[in-house]
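> Sharing start14.json, JSON, C-alpha atoms:
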```json
[["chain", "number", "residue", "atom", "x", "y", "z"],
["A", 1, "MET", "CA", 0.17, -75.05, -46.12],
["A", 2, "ALA", "CA", -0.03, -74.25, -42.40],
["A", 3, "THR", "CA", 3.32, -72.50, -42.57],
["A", 4, "ILE", "CA", 2.20, -70.30, -45.49],
["A", 5, "LYS", "CA", -0.98, -69.34, -43.64],
["A", 6, "LYS", "CA", 0.98, -68.52, -40.49],
["A", 7, "ASN", "CA", 3.44, -66.36, -42.40],
["A", 8, "TYR", "CA", 0.57, -64.54, -44.09],
["A", 9, "ILE", "CA", -1.13, -63.81, -40.78],
["A", 10, "GLU", "CA", 2.10, -62.51, -39.26],
["A", 11, "SER", "CA", 2.80, -60.31, -42.31],
["A", 12, "GLN", "CA", -0.69, -58.84, -42.10],
["A", 13, "LYS", "CA", -0.24, -58.20, -38.39],
["A", 14, "LYS", "CA", 3.07, -56.37, -39.01],
["A", 15, "ARG", "CA", 1.48, -54.37, -41.81],
["A", 16, "ARG", "CA", -1.33, -53.23, -39.48],
["A", 17, "GLN", "CA", 1.21, -52.32, -36.77],
["A", 18, "ARG", "CA", 3.24, -50.26, -39.27],
["A", 19, "ALA", "CA", 0.05, -48.55, -40.42],
["A", 20, "ARG", "CA", -0.90, -47.68, -36.81],
["A", 21, "THR", "CA", 2.62, -46.38, -36.19],
["A", 22, "ARG", "CA", 2.44, -44.18, -39.29],
["A", 23, "ARG", "CA", -0.97, -42.82, -38.30],
["A", 24, "LEU", "CA", 0.27, -42.10, -34.77],
["A", 25, "THR", "CA", 3.40, -40.40, -36.08],
["A", 26, "ILE", "CA", 1.38, -38.29, -38.50],
["A", 27, "THR", "CA", -1.06, -37.37, -35.74],
["A", 28, "VAL", "CA", 1.74, -36.35, -33.37],
["A", 29, "ILE", "CA", 3.50, -34.29, -36.02],
["A", 30, "THR", "CA", 0.26, -32.67, -37.15],
["A", 31, "SER", "CA", -0.70, -31.84, -33.56],
["A", 32, "ALA", "CA", 2.75, -30.40, -32.85],
["A", 33, "VAL", "CA", 2.63, -28.29, -35.99],
["A", 34, "CYS", "CA", -0.85, -27.07, -35.09],
["A", 35, "LEU", "CA", 0.21, -26.23, -31.52],
["A", 36, "VAL", "CA", 3.32, -24.40, -32.65],
["A", 37, "GLY", "CA", 1.39, -22.59, -35.35],
["A", 38, "THR", "CA", -1.40, -21.64, -32.96],
["A", 39, "GLY", "CA", 1.13, -20.51, -30.35],
["A", 40, "ALA", "CA", 3.03, -18.45, -32.89],
["A", 41, "TYR", "CA", -0.22, -16.90, -34.09],
["A", 42, "LEU", "CA", -1.41, -16.03, -30.59],
["A", 43, "ALA", "CA", 2.03, -14.66, -29.65],
["A", 44, "SER", "CA", 2.25, -12.60, -32.83],
["A", 45, "SER", "CA", 2.29, -8.81, -32.77],
["A", 46, "ARG", "CA", -1.36, -8.61, -33.79],
["A", 47, "PHE", "CA", -2.22, -9.46, -30.15],
["A", 48, "HIS", "CA", 0.43, -7.29, -28.47],
["A", 49, "ILE", "CA", -0.53, -4.61, -25.94],
["A", 50, "VAL", "CA", 0.31, -1.24, -27.50],
["A", 51, "ASP", "CA", -2.36, 1.11, -26.16],
["A", 52, "ILE", "CA", -1.67, 1.85, -22.47],
["A", 53, "SER", "CA", -3.68, 4.24, -20.28],
["A", 54, "LEU", "CA", -2.77, 5.17, -16.71],
["A", 55, "GLU", "CA", -5.02, 6.87, -14.15],
["A", 56, "GLY", "CA", -4.77, 7.97, -10.53],
["A", 57, "VAL", "CA", -1.04, 8.74, -10.26],
["A", 58, "VAL", "CA", -0.44, 11.87, -8.19],
["A", 59, "ARG", "CA", 2.24, 11.26, -5.57],
["A", 60, "ALA", "CA", 4.34, 8.77, -7.50],
["A", 61, "SER", "CA", 6.35, 9.95, -10.49],
["A", 62, "ARG", "CA", 4.22, 9.35, -13.55],
["A", 63, "GLU", "CA", 7.38, 9.05, -15.64],
["A", 64, "ASP", "CA", 8.66, 6.30, -13.35],
["A", 65, "VAL", "CA", 5.34, 4.43, -13.46],
["A", 66, "ASP", "CA", 5.26, 4.67, -17.27],
["A", 67, "LEU", "CA", 8.82, 3.32, -17.39],
["A", 68, "TYR", "CA", 7.88, 0.46, -15.04],
["A", 69, "LEU", "CA", 4.95, -0.51, -17.29],
["A", 70, "ALA", "CA", 7.12, -0.36, -20.41],
["A", 71, "GLU", "CA", 9.81, -2.54, -18.83],
["A", 72, "TRP", "CA", 7.21, -4.99, -17.52],
["A", 73, "LEU", "CA", 5.88, -5.53, -21.03],
["A", 74, "THR", "CA", 9.36, -6.35, -22.38],
["A", 75, "GLN", "CA", 9.56, -9.52, -20.26],
["A", 76, "LYS", "CA", 9.35, -13.04, -21.67],
["A", 77, "LYS", "CA", 7.27, -15.76, -20.06],
["A", 78, "TRP", "CA", 9.24, -19.01, -19.79],
["A", 79, "GLY", "CA", 11.95, -17.13, -21.66],
["A", 80, "ILE", "CA", 9.99, -17.45, -24.91],
["A", 81, "LEU", "CA", 6.51, -15.91, -24.96],
["A", 82, "PRO", "CA", 6.20, -12.11, -24.75],
["A", 83, "VAL", "CA", 4.39, -10.83, -21.67],
["A", 84, "ARG", "CA", 3.05, -7.98, -23.79],
["A", 85, "SER", "CA", 0.82, -10.52, -25.57],
["A", 86, "TYR", "CA", -2.82, -10.12, -24.62],
["A", 87, "TRP", "CA", -2.93, -13.84, -23.82],
["A", 88, "MET", "CA", 0.20, -13.89, -21.65],
["A", 89, "LEU", "CA", -0.30, -10.73, -19.56],
["A", 90, "SER", "CA", -1.04, -11.49, -15.91],
["A", 91, "ARG", "CA", -3.19, -8.65, -14.61],
["A", 92, "GLY", "CA", -2.82, -9.73, -10.98],
["A", 93, "ASP", "CA", 0.98, -9.93, -11.18],
["A", 94, "LEU", "CA", 1.19, -6.48, -12.76],
["A", 95, "ALA", "CA", -1.11, -4.96, -10.12],
["A", 96, "SER", "CA", 0.86, -6.44, -7.22],
["A", 97, "GLY", "CA", 4.13, -5.48, -8.89],
["A", 98, "LEU", "CA", 3.09, -1.84, -9.13],
["A", 99, "ALA", "CA", 2.07, -1.73, -5.46],
["A", 100, "SER", "CA", 5.40, -3.27, -4.44],
["A", 101, "ALA", "CA", 7.49, -0.98, -6.61],
["A", 102, "PHE", "CA", 5.77, 2.27, -5.55],
["A", 103, "PRO", "CA", 5.02, 2.59, -1.80],
["A", 104, "THR", "CA", 2.59, 5.46, -2.43],
["A", 105, "ILE", "CA", 0.30, 3.12, -4.39],
["A", 106, "GLU", "CA", -2.16, 1.41, -2.07],
["A", 107, "HIS", "CA", -3.50, -0.87, -4.79],
["A", 108, "ALA", "CA", -3.84, -1.03, -8.58],
["A", 109, "ASN", "CA", -6.59, -2.26, -10.87],
["A", 110, "VAL", "CA", -5.43, -3.67, -14.22],
["A", 111, "THR", "CA", -7.82, -4.41, -17.07],
["A", 112, "THR", "CA", -7.33, -5.25, -20.75],
["A", 113, "ASN", "CA", -9.47, -4.62, -23.79],
["A", 114, "PHE", "CA", -8.99, -7.13, -26.61],
["A", 115, "PRO", "CA", -6.66, -7.15, -28.40],
["A", 116, "HIS", "CA", -4.31, -4.17, -27.82],
["A", 117, "ALA", "CA", -5.47, -2.03, -24.86],
["A", 118, "LEU", "CA", -4.24, -2.01, -21.27],
["A", 119, "LYS", "CA", -5.81, 0.22, -18.60],
["A", 120, "VAL", "CA", -4.15, 0.75, -15.22],
["A", 121, "SER", "CA", -6.01, 2.61, -12.46],
["A", 122, "VAL", "CA", -4.16, 3.15, -9.19],
["A", 123, "LYS", "CA", -5.32, 4.31, -5.78],
["A", 124, "GLU", "CA", -2.62, 6.09, -3.83],
["A", 125, "TYR", "CA", -2.43, 6.57, -0.10],
["A", 126, "ALA", "CA", -3.88, 9.91, 1.00],
["A", 127, "GLY", "CA", -1.37, 11.95, 2.96],
["A", 128, "TRP", "CA", -3.06, 12.89, 6.22],
["A", 129, "GLY", "CA", -0.17, 13.62, 8.57],
["A", 130, "VAL", "CA", 3.54, 13.31, 9.18],
["A", 131, "LEU", "CA", 5.15, 10.81, 11.54],
["A", 132, "CYS", "CA", 8.67, 11.74, 12.67],
["A", 133, "ARG", "CA", 11.22, 9.58, 14.44],
["A", 134, "THR", "CA", 13.84, 10.93, 16.82],
["A", 135, "ASN", "CA", 16.54, 8.74, 15.25],
["A", 136, "GLU", "CA", 18.11, 8.90, 11.80],
["A", 137, "GLU", "CA", 14.99, 7.52, 10.10],
["A", 138, "GLY", "CA", 13.48, 10.99, 9.73],
["A", 139, "CYS", "CA", 9.83, 11.65, 8.87],
["A", 140, "PHE", "CA", 7.18, 9.81, 6.87],
["A", 141, "TRP", "CA", 3.79, 10.58, 5.42],
["A", 142, "ILE", "CA", 0.97, 8.57, 7.00],
["A", 143, "ASP", "CA", -2.68, 8.14, 6.07],
["A", 144, "ARG", "CA", -5.65, 8.36, 8.42],
["A", 145, "ALA", "CA", -5.10, 4.74, 9.51],
["A", 146, "GLY", "CA", -1.50, 5.45, 10.58],
["A", 147, "VAL", "CA", 0.08, 3.62, 7.63],
["A", 148, "ALA", "CA", 3.47, 5.06, 6.61],
["A", 149, "PHE", "CA", 3.98, 5.14, 2.86],
["A", 150, "GLU", "CA", 6.56, 7.75, 1.85],
["A", 151, "PRO", "CA", 9.45, 9.79, 3.34],
["A", 152, "ALA", "CA", 8.43, 13.35, 4.21],
["A", 153, "PRO", "CA", 10.28, 16.60, 4.95],
["A", 154, "ALA", "CA", 10.99, 17.18, 8.62],
["A", 155, "GLY", "CA", 10.08, 20.87, 8.65],
["A", 156, "PHE", "CA", 6.36, 20.65, 9.33],
["A", 157, "SER", "CA", 5.13, 22.58, 12.36],
["A", 158, "GLY", "CA", 1.76, 20.91, 12.87],
["A", 159, "ALA", "CA", -0.20, 23.91, 11.66],
["A", 160, "ILE", "CA", -0.15, 22.66, 8.06],
["A", 161, "VAL", "CA", -0.75, 18.95, 8.67],
["A", 162, "PRO", "CA", -0.82, 16.89, 11.89],
["A", 163, "LYS", "CA", 2.69, 16.14, 13.11],
["A", 164, "ILE", "CA", 3.39, 13.17, 15.38],
["A", 165, "THR", "CA", 6.82, 12.56, 16.88],
["A", 166, "ASP", "CA", 7.36, 8.96, 17.96],
["A", 167, "GLU", "CA", 10.13, 8.51, 20.54],
["A", 168, "ARG", "CA", 9.63, 4.75, 20.91],
["A", 169, "GLU", "CA", 12.23, 2.19, 19.90],
["A", 170, "ARG", "CA", 10.83, 0.77, 16.68],
["A", 171, "THR", "CA", 11.61, 0.77, 12.98],
["A", 172, "VAL", "CA", 9.30, 2.28, 10.42],
["A", 173, "THR", "CA", 8.25, -0.08, 7.63],
["A", 174, "LEU", "CA", 6.55, 1.48, 4.63],
["A", 175, "ARG", "CA", 3.03, 0.26, 3.79],
["A", 176, "GLU", "CA", 2.51, -0.91, 7.38],
["A", 177, "GLN", "CA", 0.49, 0.63, 10.22],
["A", 178, "GLN", "CA", 2.79, 2.47, 12.61],
["A", 179, "LEU", "CA", 0.27, 3.73, 15.18],
["A", 180, "SER", "CA", -2.50, 1.73, 16.83],
["A", 181, "GLY", "CA", -6.12, 2.36, 15.97],
["A", 182, "GLU", "CA", -6.68, 3.74, 19.49],
["A", 183, "MET", "CA", -3.85, 6.25, 19.11],
["A", 184, "MET", "CA", -5.07, 7.33, 15.68],
["A", 185, "ARG", "CA", -8.62, 7.87, 16.98],
["A", 186, "LEU", "CA", -7.34, 10.08, 19.79],
["A", 187, "ILE", "CA", -4.90, 12.01, 17.60],
["A", 188, "THR", "CA", -7.48, 12.51, 14.85],
["A", 189, "PHE", "CA", -10.09, 13.66, 17.36],
["A", 190, "PHE", "CA", -7.81, 16.31, 18.91],
["A", 191, "ASN", "CA", -6.52, 17.42, 15.52],
["A", 192, "GLU", "CA", -10.07, 18.09, 14.31],
["A", 193, "LYS", "CA", -11.38, 19.52, 17.58],
["A", 194, "ALA", "CA", -8.52, 21.82, 18.59],
["A", 195, "PRO", "CA", -8.60, 24.44, 15.78],
["A", 196, "SER", "CA", -12.13, 25.55, 16.69],
["A", 197, "ASP", "CA", -11.16, 26.09, 20.36],
["A", 198, "THR", "CA", -9.29, 29.39, 20.79],
["A", 199, "ARG", "CA", -7.67, 28.09, 23.99],
["A", 200, "ILE", "CA", -5.93, 25.27, 22.11],
["A", 201, "GLN", "CA", -5.92, 25.86, 18.33],
["A", 202, "SER", "CA", -3.27, 23.88, 16.39],
["A", 203, "VAL", "CA", -1.64, 20.90, 18.09],
["A", 204, "GLU", "CA", 1.40, 18.65, 17.72],
["A", 205, "PHE", "CA", 1.72, 15.16, 19.20],
["A", 206, "THR", "CA", 4.64, 13.33, 20.83],
["A", 207, "ILE", "CA", 4.49, 9.66, 21.80],
["A", 208, "ALA", "CA", 6.68, 9.03, 24.85],
["A", 209, "ARG", "CA", 9.56, 6.60, 24.61],
["A", 210, "THR", "CA", 8.76, 4.37, 27.59],
["A", 211, "ASP", "CA", 4.96, 4.27, 27.93],
["A", 212, "GLU", "CA", 1.75, 5.04, 26.07],
["A", 213, "THR", "CA", 1.67, 8.69, 27.08],
["A", 214, "ILE", "CA", 0.96, 11.16, 24.29],
["A", 215, "ARG", "CA", 1.97, 14.75, 24.84],
["A", 216, "VAL", "CA", -0.34, 17.10, 22.98],
["A", 217, "LYS", "CA", 1.31, 20.47, 22.48],
["A", 218, "THR", "CA", -1.03, 23.43, 21.94],
["A", 219, "ARG", "CA", -0.29, 26.51, 19.90],
["A", 220, "ALA", "CA", 0.20, 28.52, 23.10],
["A", 221, "GLY", "CA", 2.97, 26.12, 24.14],
["A", 222, "TRP", "CA", 1.39, 24.26, 27.04],
["A", 223, "GLU", "CA", 0.83, 20.51, 26.83],
["A", 224, "LEU", "CA", -1.81, 17.89, 27.57],
["A", 225, "LEU", "CA", -0.65, 14.52, 28.91],
["A", 226, "VAL", "CA", -3.00, 11.73, 27.82],
["A", 227, "LEU", "CA", -2.88, 7.97, 27.36],
["A", 228, "GLY", "CA", -2.91, 6.67, 23.80],
["A", 229, "LYS", "CA", -5.67, 4.17, 24.60],
["A", 230, "ALA", "CA", -7.95, 6.75, 26.28],
["A", 231, "ASP", "CA", -11.44, 7.62, 25.05],
["A", 232, "PRO", "CA", -11.04, 11.00, 23.27],
["A", 233, "GLU", "CA", -14.56, 12.18, 24.12],
["A", 234, "TYR", "CA", -13.94, 11.50, 27.81],
["A", 235, "ILE", "CA", -10.56, 13.25, 27.70],
["A", 236, "TRP", "CA", -12.02, 16.28, 25.96],
["A", 237, "LYS", "CA", -14.81, 16.55, 28.51],
["A", 238, "ASN", "CA", -12.28, 16.52, 31.37],
["A", 239, "LEU", "CA", -10.16, 19.10, 29.55],
["A", 240, "GLU", "CA", -13.10, 21.47, 29.16],
["A", 241, "THR", "CA", -13.95, 21.01, 32.84],
["A", 242, "ALA", "CA", -10.38, 21.88, 33.83],
["A", 243, "LEU", "CA", -10.11, 24.91, 31.55],
["A", 244, "ALA", "CA", -13.49, 26.27, 32.62],
["A", 245, "GLY", "CA", -12.72, 25.72, 36.32],
["A", 246, "GLU", "CA", -9.85, 26.86, 38.45],
["A", 247, "ILE", "CA", -7.41, 27.05, 35.51],
["A", 248, "LYS", "CA", -9.63, 29.53, 33.68],
["A", 249, "GLY", "CA", -7.68, 32.62, 34.60],
["A", 250, "GLY", "CA", -4.24, 31.06, 34.31],
["A", 251, "ILE", "CA", -4.23, 29.43, 30.87],
["A", 252, "GLY", "CA", -1.46, 31.75, 29.73],
["A", 253, "ARG", "CA", 0.83, 30.49, 32.51],
["A", 254, "LEU", "CA", 0.15, 26.78, 32.02],
["A", 255, "GLU", "CA", 3.00, 24.31, 31.53],
["A", 256, "TYR", "CA", 0.84, 21.21, 31.27],
["A", 257, "ILE", "CA", -2.44, 19.50, 32.20],
["A", 258, "ASP", "CA", -2.21, 15.81, 33.07],
["A", 259, "LEU", "CA", -5.35, 13.88, 32.05],
["A", 260, "ARG", "CA", -3.98, 10.36, 32.41],
["A", 261, "PHE", "CA", -5.73, 9.47, 35.67],
["A", 262, "GLY", "CA", -9.45, 9.50, 34.96],
["A", 263, "ASN", "CA", -11.32, 12.23, 36.77],
["A", 264, "LYS", "CA", -8.20, 13.19, 38.71],
["A", 265, "ILE", "CA", -6.82, 16.18, 36.86],
["A", 266, "PHE", "CA", -3.35, 17.51, 37.60],
["A", 267, "TYR", "CA", -1.77, 20.66, 36.18],
["A", 268, "LYS", "CA", 1.30, 22.80, 36.56],
["A", 269, "TYR", "CA", 2.07, 26.45, 35.87],
["A", 270, "ARG", "CA", 5.34, 27.70, 34.46],
["A", 271, "GLU", "CA", 7.61, 29.18, 37.07]]
```
What would the structure in this file look like if it were written as structure tokens?


Amino acid sequence: MATIKKNYIESQKKRRQRARTRRLTITVITSAVCLVGTGAYLASSRFHIVDISLEGVVRASREDVDLYLAEWLTQKKWGILPVRSYWMLSRGDLASGLASAFPTIEHANVTTNFPHALKVSVKEYAGWGVLCRTNEEGCFWIDRAGVAFEPAPAGFSGAIVPKITDERERTVTLREQQLSGEMMRLITFFNEKAPSDTRIQSVEFTIARTDETIRVKTRAGWELLVLGKADPEYIWKNLETALAGEIKGGIGRLEYIDLRFGNKIFYKYRE
């Protein structure tokens, strides 16, 4: 009798274990089917980005940017899920990718509108001046902060846009600041001040190879020698003092005025 009871208990225990195993198996299969089905539904074409708008492109080739966006959307995440799916698209990755691919783009803003729309708004660097190197690197557009962002023609005279020639030993890297904030303040100040002064008018700038001297060439051909870290207001005041003083009658014969030594002003006439 005890043996029969023991066998019965063990058979019931095995039956319950088999039942739990079946329930677990069914649950796992059902969950997997649901996940796959849900994933397939979410990755289906009904949630694909098809309406793309692009704003703010001026310097970069719009055709190239459109092509970049189209190729971006053909990618597969994890080799399976389409990036063009509304759920899979990484707005941050696309924005940073655009800025990396096109040096003229300072930053991009990417937004989506459920379920099919993608809007890309870019802000490009504003071309303020041209920075030229004396080596084979050539010239580059820079913005008001001195950031180089795009190769530029070498034929600018300085009358159209500010032209800065950098003789120093350094390599230009796009999307990075090439001139210090102090130099840009001084260059910007003279570029804006000079045209209204008939004695100076348009100017070009040359940064010396071995020190922080900036040679400011006036339209008449004579030069100012200043330090890149100098206070532009102070320099301008000393320049006006020199031009209104003993140099007044000899501006046409000037070769240079040296304003690098505070209130001590040196000048030289052409021979």

> Which residues are near range 202-214 of chain A? Cut-off 6 Å, only C-alpha atoms, ignore same chain within fewer than 6 positions. Put them as a PDB file with C-alpha atoms, in the frame of the given file.


```pdb
ATOM      1  CA  GLY A 158       1.760  20.910  12.870  1.00  0.00           C
ATOM      2  CA  ALA A 159      -0.200  23.910  11.660  1.00  0.00           C
ATOM      3  CA  LYS A 163       2.690  16.140  13.110  1.00  0.00           C
ATOM      4  CA  ILE A 164       3.390  13.170  15.380  1.00  0.00           C
ATOM      5  CA  THR A 165       6.820  12.560  16.880  1.00  0.00           C
ATOM      6  CA  ASP A 166       7.360   8.960  17.960  1.00  0.00           C
ATOM      7  CA  GLU A 167      10.130   8.510  20.540  1.00  0.00           C
ATOM      8  CA  ARG A 168       9.630   4.750  20.910  1.00  0.00           C
ATOM      9  CA  PRO A 195      -8.600  24.440  15.780  1.00  0.00           C
ATOM     10  CA  LEU A 225      -0.650  14.520  28.910  1.00  0.00           C
ATOM     11  CA  VAL A 226      -3.000  11.730  27.820  1.00  0.00           C
ATOM     12  CA  LEU A 227      -2.880   7.970  27.360  1.00  0.00           C
ATOM     13  CA  GLY A 228      -2.910   6.670  23.800  1.00  0.00           C
TER      14      GLY A 228
END
```

> I want to know what sits within 12 Å of Ile247 in chain A, based on all atoms listed in the file, with residues of the same chain fewer than 4 positions away left out; could you give that as a ChimeraX atom specification?

/A:199,239-243,251-257,265-269

> Nearest to Arg133 in chain A: which of A:Val172, A:Ile80, A:Leu73, A:Val50 is it, counting only C-alpha atoms?

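So, comparing all the options, the nearest one is A:Val172.
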
> Looking at only C-alpha atoms, which of A:Glu137, A:Leu89, A:Asp51, A:Arg59 is the one that sits closest to Lys76 in chain A?

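Selected residue with least distance to Lys76 in chain A: A:Leu89.
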
> Would you mind telling me which residue in A:Leu259, A:Ile160, A:Ala95, A:Val130 lies nearest to Arg215 in chain A when using all atoms listed in the file?

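Of the candidates, the smallest distance to Arg215 in chain A is held by A:Leu259.
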
> With all atoms listed in the file as the basis for distance, which of A:Trp78, A:Trp128, A:Tyr68, A:Tyr234 is at the shortest distance from Leu98 in chain A?

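Comparing A:Trp78, A:Trp128, A:Tyr68, A:Tyr234 against Leu98 in chain A, the winner is A:Tyr68.
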
> Could you tell me how far CA of Ala230 in chain A lies from CA of Leu186 in chain A, in Å and to one decimal?

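Value for the CA of Ala230 in chain A-CA of Leu186 in chain A distance: 7.3 Å.
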
> If I take CA of Glu55 in chain A and CA of Lys119 in chain A, how far is one from the other in Å, to one decimal?

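Distance reported for this atom pair: 8.0 Å.
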
> How far is it from CA of Trp141 in chain A to CA of Ile235 in chain A, in Å with one decimal?

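Computing it gives 26.6 Å between the two atoms.
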
> Find the residues with any atom within 7 Å of (-4.8, -0.3, -3.7); use only C-alpha atoms and the coordinates as given in the file, and write the answer as JSON, numbers by chain.

{"A": [105, 106, 107, 108, 122, 123, 124]}

> Okay, now the selection with C-alpha atoms, as an mmCIF file, keeping the file's coordinate frame?


```cif
data_model
loop_
_atom_site.group_PDB
_atom_site.id
_atom_site.type_symbol
_atom_site.label_atom_id
_atom_site.label_comp_id
_atom_site.auth_asym_id
_atom_site.auth_seq_id
_atom_site.Cartn_x
_atom_site.Cartn_y
_atom_site.Cartn_z
ATOM 1 C CA ILE A 105 0.300 3.120 -4.390
ATOM 2 C CA GLU A 106 -2.160 1.410 -2.070
ATOM 3 C CA HIS A 107 -3.500 -0.870 -4.790
ATOM 4 C CA ALA A 108 -3.840 -1.030 -8.580
ATOM 5 C CA VAL A 122 -4.160 3.150 -9.190
ATOM 6 C CA LYS A 123 -5.320 4.310 -5.780
ATOM 7 C CA GLU A 124 -2.620 6.090 -3.830
#
```

> Using only C-alpha atoms for the distances, tell me which of A:His48, A:Lys193, A:Lys77, A:Arg84 is nearest to Trp236 in chain A.

A:Lys193

> Of the candidates A:Ala101, A:Ala148, A:Val216, A:Leu118, which shows the shortest atom-to-atom distance to Ser61 in chain A, using only C-alpha atoms?

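Looking only at the distances to Ser61 in chain A, the closest residue turns out to be A:Ala101.
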
> For a cut-off of 9 Å around (-5.4, 7.8, 19.5), file coordinates, pick out all residues using all atoms listed in the file and list them as a PyMOL selection string.

chain A and resi 179-190+214+227-232

> Which residues are near Arg175 in chain A? Cut-off 9 Å, all atoms listed in the file, ignore same chain within fewer than 5 positions. Put them as a ChimeraX atom specification.

/A:103-104,106,147-150
